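Visitor: Following this message is one structure expressed as structure tokens.
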Amino acid sequence: MVNSVATRLSSLAMTTSIVQMYNTMFNSVATRLSSLAMTTSSTSPIPEHLLLIFPFPKPTALLNALSTRHPYLKITYVELTRDCTKDLTNQPQVPDSLFADATILVTLFSFPSTPALAKNLKFIHLISTGSNQVQNKRIWKETDVVITTNSGIHSPMISEWVVLQMLTHSHKQKLLLEWQKEHFWGPHAAVQERSDYVGQRIGVLGYGSIGRQGL
């Protein structure tokens, strides 16, 4: 059942910017689900409860398609508003009762307060790169529940942002945009001295997913 759900998550294509983020994230979740290698009878699948707790709008079309294809999969979606003025250890939480029969939890910062409240939980996937927000939780310290992250998912965006900032700086793009907003034709001398990166060498400190993507 879980492997089948994983395949479906990977195959769903979505097009808007917020939905592209979901698509990338669900592909990562799908890969993790497949790695659990959980086998069930095709004629009598074991019911699974997928609990998603996100600080994002509900992807209704995706979840409806998933429910249609997998009627034995129970899906619960909870949207929480993250308070960016607080750290991840002090965020809004959901009622503990929601975790009672969940078998798969996909979240950012919401976890059962005690392992006893989530006895059926097999797998937790964090939509963050790191796992610091769960490392002080009992579900991390006292259980063998599989916990995975989205490590590597941000590499293309951050690498592209670095290149963007390099070009923006060397071609004085920020100054030109300010002039554009002001409807001002600035002096040529202010933008005359520019440089490009042809033939230059870039040093990459650290060879993690971002460093590899940049190369």
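Following the order of the structure tokens, chains are lettered A, B, ..., residues in each are numbered from 1, and ligands are numbered from 1.
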Show me, as a PyMOL selection string, the residues that have an atom within 9 Å of A:Tyr77 when counting only C-alpha atoms, minus same-chain residues fewer than 5 positions from it.

Guide: chain A and resi 50-54+58+63

Visitor: Run DSSP on the backbone of this structure and report the residues of stretch 59-124 of chain A it assigns to strand (DSSP E or B), as an mmCIF file with N, CA and C atoms, in the first residue's frame.

Guide:
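Writing the result to part32.cif gives the following:
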```cif
data_model
loop_
_atom_site.group_PDB
_atom_site.id
_atom_site.type_symbol
_atom_site.label_atom_id
_atom_site.label_comp_id
_atom_site.auth_asym_id
_atom_site.auth_seq_id
_atom_site.Cartn_x
_atom_site.Cartn_y
_atom_site.Cartn_z
ATOM 1 N N LEU A 73 -6.403 4.599 1.691
ATOM 2 C CA LEU A 73 -5.524 5.571 2.332
ATOM 3 C C LEU A 73 -6.348 6.692 2.956
ATOM 4 N N LYS A 74 -6.256 6.817 4.259
ATOM 5 C CA LYS A 74 -6.911 7.920 4.955
ATOM 6 C C LYS A 74 -5.944 9.095 4.988
ATOM 7 N N ILE A 75 -6.423 10.265 4.564
ATOM 8 C CA ILE A 75 -5.574 11.451 4.519
ATOM 9 C C ILE A 75 -6.162 12.532 5.415
ATOM 10 N N THR A 76 -5.349 13.032 6.310
ATOM 11 C CA THR A 76 -5.752 14.153 7.159
ATOM 12 C C THR A 76 -4.778 15.298 6.917
ATOM 13 N N TYR A 77 -5.316 16.452 6.531
ATOM 14 C CA TYR A 77 -4.471 17.612 6.259
ATOM 15 C C TYR A 77 -4.793 18.713 7.262
ATOM 16 N N VAL A 78 -3.757 19.228 7.896
ATOM 17 C CA VAL A 78 -3.917 20.312 8.863
ATOM 18 C C VAL A 78 -3.009 21.464 8.439
ATOM 19 N N GLU A 79 -3.595 22.636 8.255
ATOM 20 C CA GLU A 79 -2.799 23.815 7.911
ATOM 21 C C GLU A 79 -2.574 24.658 9.162
ATOM 22 N N ILE A 104 1.759 7.498 8.956
ATOM 23 C CA ILE A 104 2.764 8.291 8.249
ATOM 24 C C ILE A 104 2.530 9.756 8.597
ATOM 25 N N LEU A 105 3.550 10.427 9.074
ATOM 26 C CA LEU A 105 3.449 11.843 9.425
ATOM 27 C C LEU A 105 4.414 12.639 8.561
ATOM 28 N N VAL A 106 3.886 13.646 7.869
ATOM 29 C CA VAL A 106 4.714 14.570 7.097
ATOM 30 C C VAL A 106 4.477 15.954 7.683
ATOM 31 N N THR A 107 5.535 16.596 8.174
ATOM 32 C CA THR A 107 5.348 17.817 8.946
ATOM 33 C C THR A 107 6.593 18.683 8.905
ATOM 34 N N PHE A 123 6.599 6.146 10.300
ATOM 35 C CA PHE A 123 7.481 6.941 9.453
ATOM 36 C C PHE A 123 7.156 8.422 9.611
ATOM 37 N N ILE A 124 8.190 9.248 9.797
ATOM 38 C CA ILE A 124 8.031 10.703 9.843
ATOM 39 C C ILE A 124 8.935 11.311 8.783
#
```

Visitor: Which residue, A:Gln213, A:Thr168, A:Asn64, A:Thr129, has the smallest gap to A:Arg194 when you use only C-alpha atoms?

Guide: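 Of A:Gln213, A:Thr168, A:Asn64, A:Thr129, the one nearest A:Arg194 is A:Thr168, counting only C-alpha atoms.
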
Visitor: So, with only C-alpha atoms as the atoms that count, which of A:Gln192, A:His154, A:Phe184, A:Asn136 lies closest to A:His171?

Guide: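 So, comparing all the options, the nearest one is A:Gln192.
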
Visitor: Which value, in Å to one decimal, gives the distance between atom CA of A:Ser97 and atom CA of A:Glu48?

Guide: 16.6 Å
